[in-house]
2 protein chains.
Amino acid sequence: MATIRDVAKAAGVSTATVSAVMNDSAYVSPELRTRVQTAIEELDYAPSTVARNLKRGKSQLIAISVADLSNPFFSHIVCLAEAAAAAWGYSLVVFNSDEKTEAEKRILTRIRALSCDGILLVPVGEAAQHLQRDLTGRTIPTVMFGRVVDDRRSDTVTIDNESAGRQATNYLLDLGHRRIGSITGPLHLTTGKGRYDGMMQALQARGVTPLPEHVRSGDFREGAAYSVAREVLERPDRPSALYVANGVMALGVMRAVSDLGLRCPEDISIASTDTIPGISGLRPRFTRTEHPANDMINEAFRMLVGRINNGVQPTPRNVVFQPTLVVGESCAPVLATAARQ
Amino acid sequence: MATIRDVAKAAGVSTATVSAVMNDSAYVSPELRTRVQTAIEELDYAPSTVARNLKRGKSQLIAISVADLSNPFFSHIVCLAEAAAAAWGYSLVVFNSDEKTEAEKRILTRIRALSCDGILLVPVGEAAQHLQRDLTGRTIPTVMFGRVVDDRRSDTVTIDNESAGRQATNYLLDLGHRRIGSITGPLHLTTGKGRYDGMMQALQARGVTPLPEHVRSGDFREGAAYSVAREVLERPDRPSALYVANGVMALGVMRAVSDLGLRCPEDISIASTDTIPGISGLRPRFTRTEHPANDMINEAFRMLVGRINNGVQPTPRNVVFQPTLVVGESCAPVLATAARQ
DNA sequence: TAATTTCAGCTAAACGATTAGCCAGGAATT
DNA sequence: AATTCCTGGCTAATCGTTTAGCTGAAATTA
């Protein structure tokens with residue numbers, strides 16, 4: 001690998017001049033400039049960011065740690081983050097905490113060791129204590145994404161989870177459903193709790209009280225959602241509609257529906273929050289609330305890069321985005337459902 | 001942040017001794033050792049990996065560049081790769097070349113600049129020349145994944161694309177289909193060409209010649225597959241079955257089918273190669289060939305880490321995996337289809 | 001005792017960039 | 001003509017590690 005010294009020798013100039021050309025940090029005469037540039041071309045020189053980073057105290061790396069990389073929502077987030085990182089001149093190091101506190105600890109240690117310039121963190125959240133210890137010790141600029149564990153200290157980018165739960169539930173209520181159940185997320189997560197709260201608010205506002213047996217908590221994964229949904233749907237008093245707290249669980253519920261020989265929306269209406277991209281060719285399309293993921297990631301990067309460049313500001317910023325309801329064919333009016341029973 | 005010199009001064013030893021304690025690379029007397037350790041504790045010292053990497057010429061980073069990060073197949077690959085990287089003690093830097101040669105060039109330069117220890121590359125492939133220049137100049141251990149641009153020089157991990165095309169097509173033939181069309185991948189890619197060839201082999205073996213208008217090439221994305229599929233399906237002599245070269249295109253085709261008011265498999269049978277994970281709750285489930293992605297990634301990492309540790313070996317290894325056929329409900333016997341027309 | 005070996009721990013030279021500070025020589029000023 | 005001012009480009013120090021090579025005292029051997 002060619003070094004800056006090789007280029008300097010080849011171009012007959014000093015390393016300082018080569019550096020000046022690379023970063024145009026000082027005026028260099030046109031002649032020397034072209035000589036340097038051809039030498040760079042010739043030797044196919046690329047500066048060592050490792051050396052540069054040592055000198056500058058930066059690593060040009062942004063770390064992202066997501067809670068479940070096998071969830072298409074987070075895959076999508078990683079995809080958007082990669083593009084944003086590239087646009088800002090960073091590279092993206094990807095970690096999967098897999099909803100495990102232990103894994104998250106290891107990841108944060110690793111991120112420190114790599115001296116990443118910033119962290120985009122979807123916190124696992126069950127135990128926030130270690131986060132404070134790990135993050136505030138060495139203040140690496142951090143933006144919490146999607147979930148919140150300590151909204152007083154960190155910058156956060158989230159969606160209004162209560163609104164998501166309310167919107168989806170209101171849609172079901174508007175169709176006349178009253179026997180509404182839910183597969184919620186884990187209630188110790190803000191995403192799980194918020195959507196659950198939103199749903200309950202919507203129900204209470206219309207004076208509807210769900211059966212406790214119809215409201216079950218999942219873990220945001222396909223498998224558990226499948227088995228919990230089976231249990232709920234096998235009951236003789238099964239609900240006429242379900243609110244499902246995320247996209248992959250909605251798929252699990254749908255699998256349960258079809259394995260039980262039920263049909264959606266004829267036998268059961270399903271509304272969810274969050275969705276799987278690209279499956280609009282398959283029927284039924286889900287009625288769901290969607291996150292403005294692109295805007296969220298862009299905002300997160302703007303905040304993160306701001307912190308990286310301007311140092312840590314005293315007041316953390318919390319930006320909340322609004323979900324939007326998208327109607328598919330997974331819900332039917334309750335009259336139709338009742339007629340079939 | 002405390003440096004090794006601060007620690008050395010505090011402990012009254014040389015930096016070499018501190019370094020020796022950190023990596024236990026040499027014997028240090030118990031007394032000095034404890035003095036160093038308390039000094040480290042005292043100053044909350046963590047060595048700068050940036051400096052260490054500069055010196056060692058290693059970065060503990062493995063780069064993965066995929067051709068389309070928005071494709072769930074590659075998301076899945078990234079997910080598996082993250083786990084494999086962590087298991088081997090590396091961190092994963094993710095890049096998306098988005099099927100663009102220019103982007104791939106920039107990515108390779110960036111990877112070099114970051115001095116990643118190894119590369120897992122899904123090459124864009126249209127122009128392999130620059131790859132040779134970029135990769136052989138500085139021999140960063142590289143494993144080509146999924147696609148091949150120069151199978152003589154690089155390690156590769158691939159699937160038997162021809163077999164995939166043959167298996168899917170034979171399934172359609174066995175159902176009695178003869179008017180078979182295809183949405184292929186780009187034919188300049190080994191994945192596109194191989195699957196196409198496999199399909200043609202299967203057809204020829206049964207003496208079937210497809211109409212050229214029924215065999216259209218896509219770009220492995222949902223959008224183009226949708227429009228091309230519409231064109232094919234709107235023809236009065238539309239095929240009774242389609243072989244679709246990857247999972248997201250199959251979704252696009254399915255969207256076209258449903259937008260045209262057709263039904264799958266009643267009006268059109270669809271078999272594909274590659275699939276979208278987790279959608280088995282939605283109907284119809286695709287009949288498709290699947291890749292052993294997990295085994296493939298594990299093998300790729302074994303090869304890559306081997307190269308990193310043992311230096312570049314003379315003979316490149318090419319490992320080819322076999323796809324397996326998984327039957328869903330997206331295909332019907334031709335008699336049923338004919339009866340409806 | 002003198003010569004040799006051993007080895008804990010030190011010194012200093014890297015790694016490859018950035019950059020403060022310097023120098024030479026041409027232009028401008030007096 | 002002498003002085004000052006610019007300014008393009010160079011020299012060399014620096015970032016924080018690792019590590020080859022050295023030193024000198026203790027241990028071993030003859």
# chains A, B, ... in the order shown; residues from 1 in each chain; ligands from 1
call {"tool": "interface_residues", "arguments": {"of": "chain A", "to": "chain C", "cutoff": "9 Å", "atoms": "only C-alpha atoms (C1' of nucleotides)", "output": "PyMOL selection string"}}
result
chain A and resi 3-5+16+19+47-56
call {"tool": "closest_atom_pairs", "arguments": {"of": "chain A", "to": "chain B", "cutoff": "9 Å", "atoms": "only C-alpha atoms", "output": "JSON lines"}}
result
{"residue": "A:Met1", "atom": "CA", "partner": "B:Arg138", "partner_atom": "CA", "distance": 5.9}
{"residue": "A:Asp44", "atom": "CA", "partner": "B:Asp134", "partner_atom": "CA", "distance": 8.4}
{"residue": "A:Ala46", "atom": "CA", "partner": "B:Ala113", "partner_atom": "CA", "distance": 6.0}
{"residue": "A:Pro47", "atom": "CA", "partner": "B:Ala113", "partner_atom": "CA", "distance": 6.1}
{"residue": "A:Ser48", "atom": "CA", "partner": "B:Ala113", "partner_atom": "CA", "distance": 4.9}
{"residue": "A:Thr49", "atom": "CA", "partner": "B:Ala113", "partner_atom": "CA", "distance": 5.3}
{"residue": "A:Val50", "atom": "CA", "partner": "B:Leu54", "partner_atom": "CA", "distance": 5.7}
{"residue": "A:Ala51", "atom": "CA", "partner": "B:Leu54", "partner_atom": "CA", "distance": 5.9}
{"residue": "A:Asn53", "atom": "CA", "partner": "B:Val50", "partner_atom": "CA", "distance": 7.0}
{"residue": "A:Leu54", "atom": "CA", "partner": "B:Val50", "partner_atom": "CA", "distance": 5.7}
{"residue": "A:Gly57", "atom": "CA", "partner": "B:Val50", "partner_atom": "CA", "distance": 8.5}
{"residue": "A:Lys58", "atom": "CA", "partner": "B:Val50", "partner_atom": "CA", "distance": 8.8}
{"residue": "A:Ser59", "atom": "CA", "partner": "B:Val50", "partner_atom": "CA", "distance": 7.6}
{"residue": "A:Gln60", "atom": "CA", "partner": "B:Leu114", "partner_atom": "CA", "distance": 8.8}
{"residue": "A:Leu61", "atom": "CA", "partner": "B:Val93", "partner_atom": "CA", "distance": 8.8}
{"residue": "A:Ala63", "atom": "CA", "partner": "B:Val93", "partner_atom": "CA", "distance": 8.9}
{"residue": "A:Leu69", "atom": "CA", "partner": "B:Cys79", "partner_atom": "CA", "distance": 5.7}
{"residue": "A:Ser70", "atom": "CA", "partner": "B:Cys79", "partner_atom": "CA", "distance": 6.2}
{"residue": "A:Pro72", "atom": "CA", "partner": "B:Pro72", "partner_atom": "CA", "distance": 7.5}
{"residue": "A:Ser75", "atom": "CA", "partner": "B:Ser75", "partner_atom": "CA", "distance": 5.9}
{"residue": "A:His76", "atom": "CA", "partner": "B:Ser70", "partner_atom": "CA", "distance": 6.7}
{"residue": "A:Val78", "atom": "CA", "partner": "B:Leu69", "partner_atom": "CA", "distance": 8.6}
{"residue": "A:Cys79", "atom": "CA", "partner": "B:Leu69", "partner_atom": "CA", "distance": 5.8}
{"residue": "A:Leu80", "atom": "CA", "partner": "B:Ser70", "partner_atom": "CA", "distance": 8.8}
{"residue": "A:Glu82", "atom": "CA", "partner": "B:Phe95", "partner_atom": "CA", "distance": 6.6}
{"residue": "A:Ala83", "atom": "CA", "partner": "B:Asn96", "partner_atom": "CA", "distance": 7.8}
{"residue": "A:Ala86", "atom": "CA", "partner": "B:Phe95", "partner_atom": "CA", "distance": 8.6}
{"residue": "A:Ser91", "atom": "CA", "partner": "B:Val93", "partner_atom": "CA", "distance": 6.9}
{"residue": "A:Leu92", "atom": "CA", "partner": "B:Val93", "partner_atom": "CA", "distance": 5.5}
{"residue": "A:Val93", "atom": "CA", "partner": "B:Val93", "partner_atom": "CA", "distance": 4.3}
{"residue": "A:Val94", "atom": "CA", "partner": "B:Leu92", "partner_atom": "CA", "distance": 5.8}
{"residue": "A:Phe95", "atom": "CA", "partner": "B:Glu82", "partner_atom": "CA", "distance": 6.6}
{"residue": "A:Asn96", "atom": "CA", "partner": "B:Glu82", "partner_atom": "CA", "distance": 7.2}
{"residue": "A:Arg110", "atom": "CA", "partner": "B:Ser91", "partner_atom": "CA", "distance": 8.3}
{"residue": "A:Ala113", "atom": "CA", "partner": "B:Thr49", "partner_atom": "CA", "distance": 6.0}
{"residue": "A:Leu114", "atom": "CA", "partner": "B:Thr49", "partner_atom": "CA", "distance": 5.9}
{"residue": "A:Ser115", "atom": "CA", "partner": "B:Thr49", "partner_atom": "CA", "distance": 7.1}
{"residue": "A:Arg138", "atom": "CA", "partner": "B:Met1", "partner_atom": "CA", "distance": 8.8}
{"residue": "A:Glu222", "atom": "CA", "partner": "B:Gly278", "partner_atom": "CA", "distance": 7.4}
{"residue": "A:Val248", "atom": "CA", "partner": "B:Gly278", "partner_atom": "CA", "distance": 7.4}
{"residue": "A:Ala250", "atom": "CA", "partner": "B:Gly281", "partner_atom": "CA", "distance": 8.9}
{"residue": "A:Leu251", "atom": "CA", "partner": "B:Gly281", "partner_atom": "CA", "distance": 5.7}
{"residue": "A:Gly252", "atom": "CA", "partner": "B:Gly281", "partner_atom": "CA", "distance": 6.5}
{"residue": "A:Val253", "atom": "CA", "partner": "B:Gly281", "partner_atom": "CA", "distance": 7.5}
{"residue": "A:Met254", "atom": "CA", "partner": "B:Gly281", "partner_atom": "CA", "distance": 4.8}
{"residue": "A:Arg255", "atom": "CA", "partner": "B:Gly281", "partner_atom": "CA", "distance": 3.4}
{"residue": "A:Ala256", "atom": "CA", "partner": "B:Gly281", "partner_atom": "CA", "distance": 7.1}
{"residue": "A:Val257", "atom": "CA", "partner": "B:Gly281", "partner_atom": "CA", "distance": 7.7}
{"residue": "A:Ser258", "atom": "CA", "partner": "B:Gly281", "partner_atom": "CA", "distance": 6.5}
{"residue": "A:Asp259", "atom": "CA", "partner": "B:Gly281", "partner_atom": "CA", "distance": 8.1}
{"residue": "A:Gly278", "atom": "CA", "partner": "B:Leu251", "partner_atom": "CA", "distance": 7.0}
{"residue": "A:Ile279", "atom": "CA", "partner": "B:Leu251", "partner_atom": "CA", "distance": 6.2}
{"residue": "A:Ser280", "atom": "CA", "partner": "B:Arg255", "partner_atom": "CA", "distance": 6.4}
{"residue": "A:Gly281", "atom": "CA", "partner": "B:Arg255", "partner_atom": "CA", "distance": 3.4}
{"residue": "A:Leu282", "atom": "CA", "partner": "B:Leu282", "partner_atom": "CA", "distance": 6.6}
{"residue": "A:Arg283", "atom": "CA", "partner": "B:Arg283", "partner_atom": "CA", "distance": 6.4}
{"residue": "A:Pro284", "atom": "CA", "partner": "B:Leu282", "partner_atom": "CA", "distance": 7.4}
call {"tool": "interface_residues", "arguments": {"of": "chain D", "to": "chain A", "cutoff": "10 Å", "atoms": "only C-alpha atoms (C1' of nucleotides)", "output": "PyMOL selection string"}}
result
chain D and resi 7-11+14-17
call {"tool": "select_by_dssp", "arguments": {"residues": "range 110-323 of chain B", "states": "strand (DSSP E or B)", "output": "VMD selection string"}}
result
chain B and resid 118 to 121 142 to 145 155 to 159 180 to 184 215 to 217 241 to 244 269 to 273 283 287 to 290 318 to 321
call {"tool": "residues_around", "arguments": {"residues": "Thr184 in chain B", "least_positions_apart": "3", "cutoff": "8 Å", "atoms": "only C-alpha atoms (C1' of nucleotides)", "output": "list in words"}}
result
Leu187, Gly192, Arg195, Tyr196, Val215, Arg216, Ser217, Gly218, Asp219, Phe220, Tyr243, Val244 and Ala245 of chain B
call {"tool": "select_by_dssp", "arguments": {"residues": "range 62-191 of chain A", "states": "alpha helix (DSSP H)", "output": "ChimeraX atom specification"}}
result
/A:72-87,101-113,129-137,161-174,190-191
call {"tool": "residues_around", "arguments": {"residues": "Val326 in chain B", "least_positions_apart": "6", "cutoff": "10 Å", "atoms": "only C-alpha atoms (C1' of nucleotides)", "output": "JSON, numbers by chain"}}
result
{"B": [168, 271, 272, 273, 274, 275, 285, 286, 287, 288, 289, 290]}
call {"tool": "atom_distance", "arguments": {"atom1": "CA of Asp150 in chain A", "atom2": "CA of Ala300 in chain A"}}
result
16.5 Å
call {"tool": "atom_distance", "arguments": {"atom1": "CA of Pro123 in chain A", "atom2": "CA of Ala225 in chain A"}}
result
21.6 Å
call {"tool": "atom_distance", "arguments": {"atom1": "CA of Arg235 in chain B", "atom2": "CA of Gln167 in chain B"}}
result
26.5 Å
call {"tool": "residues_around", "arguments": {"residues": "Thr190 in chain B", "least_positions_apart": "2", "cutoff": "9 Å", "atoms": "only C-alpha atoms (C1' of nucleotides)", "output": "list of chain:residue names"}}
result
B:Gly125, B:Gly146, B:Arg147, B:Val148, B:Val149, B:Asn161, B:Pro186, B:Leu187, B:His188, B:Gly192, B:Lys193, B:Gly194, B:Arg195
call {"tool": "write_last_selection", "arguments": {"atoms": "C-alpha atoms", "output": "PDB file, in the first residue's frame"}}
result
ATOM      1  CA  GLY B 125     -19.974  -7.429 -11.492  1.00  0.00           C
ATOM      2  CA  GLY B 146     -23.101 -15.277  -4.022  1.00  0.00           C
ATOM      3  CA  ARG B 147     -21.792 -13.887  -7.261  1.00  0.00           C
ATOM      4  CA  VAL B 148     -18.550 -14.389  -9.071  1.00  0.00           C
ATOM      5  CA  VAL B 149     -16.661 -12.025 -11.298  1.00  0.00           C
ATOM      6  CA  ASN B 161     -27.743 -21.222  -9.746  1.00  0.00           C
ATOM      7  CA  PRO B 186     -29.746  -9.333 -15.117  1.00  0.00           C
ATOM      8  CA  LEU B 187     -27.949 -11.739 -17.439  1.00  0.00           C
ATOM      9  CA  HIS B 188     -24.541 -10.172 -16.871  1.00  0.00           C
ATOM     10  CA  GLY B 192     -29.055 -14.002 -13.288  1.00  0.00           C
ATOM     11  CA  LYS B 193     -27.376 -15.982 -16.033  1.00  0.00           C
ATOM     12  CA  GLY B 194     -27.076 -19.218 -14.090  1.00  0.00           C
ATOM     13  CA  ARG B 195     -30.733 -19.344 -13.116  1.00  0.00           C
TER      14      ARG B 195
END
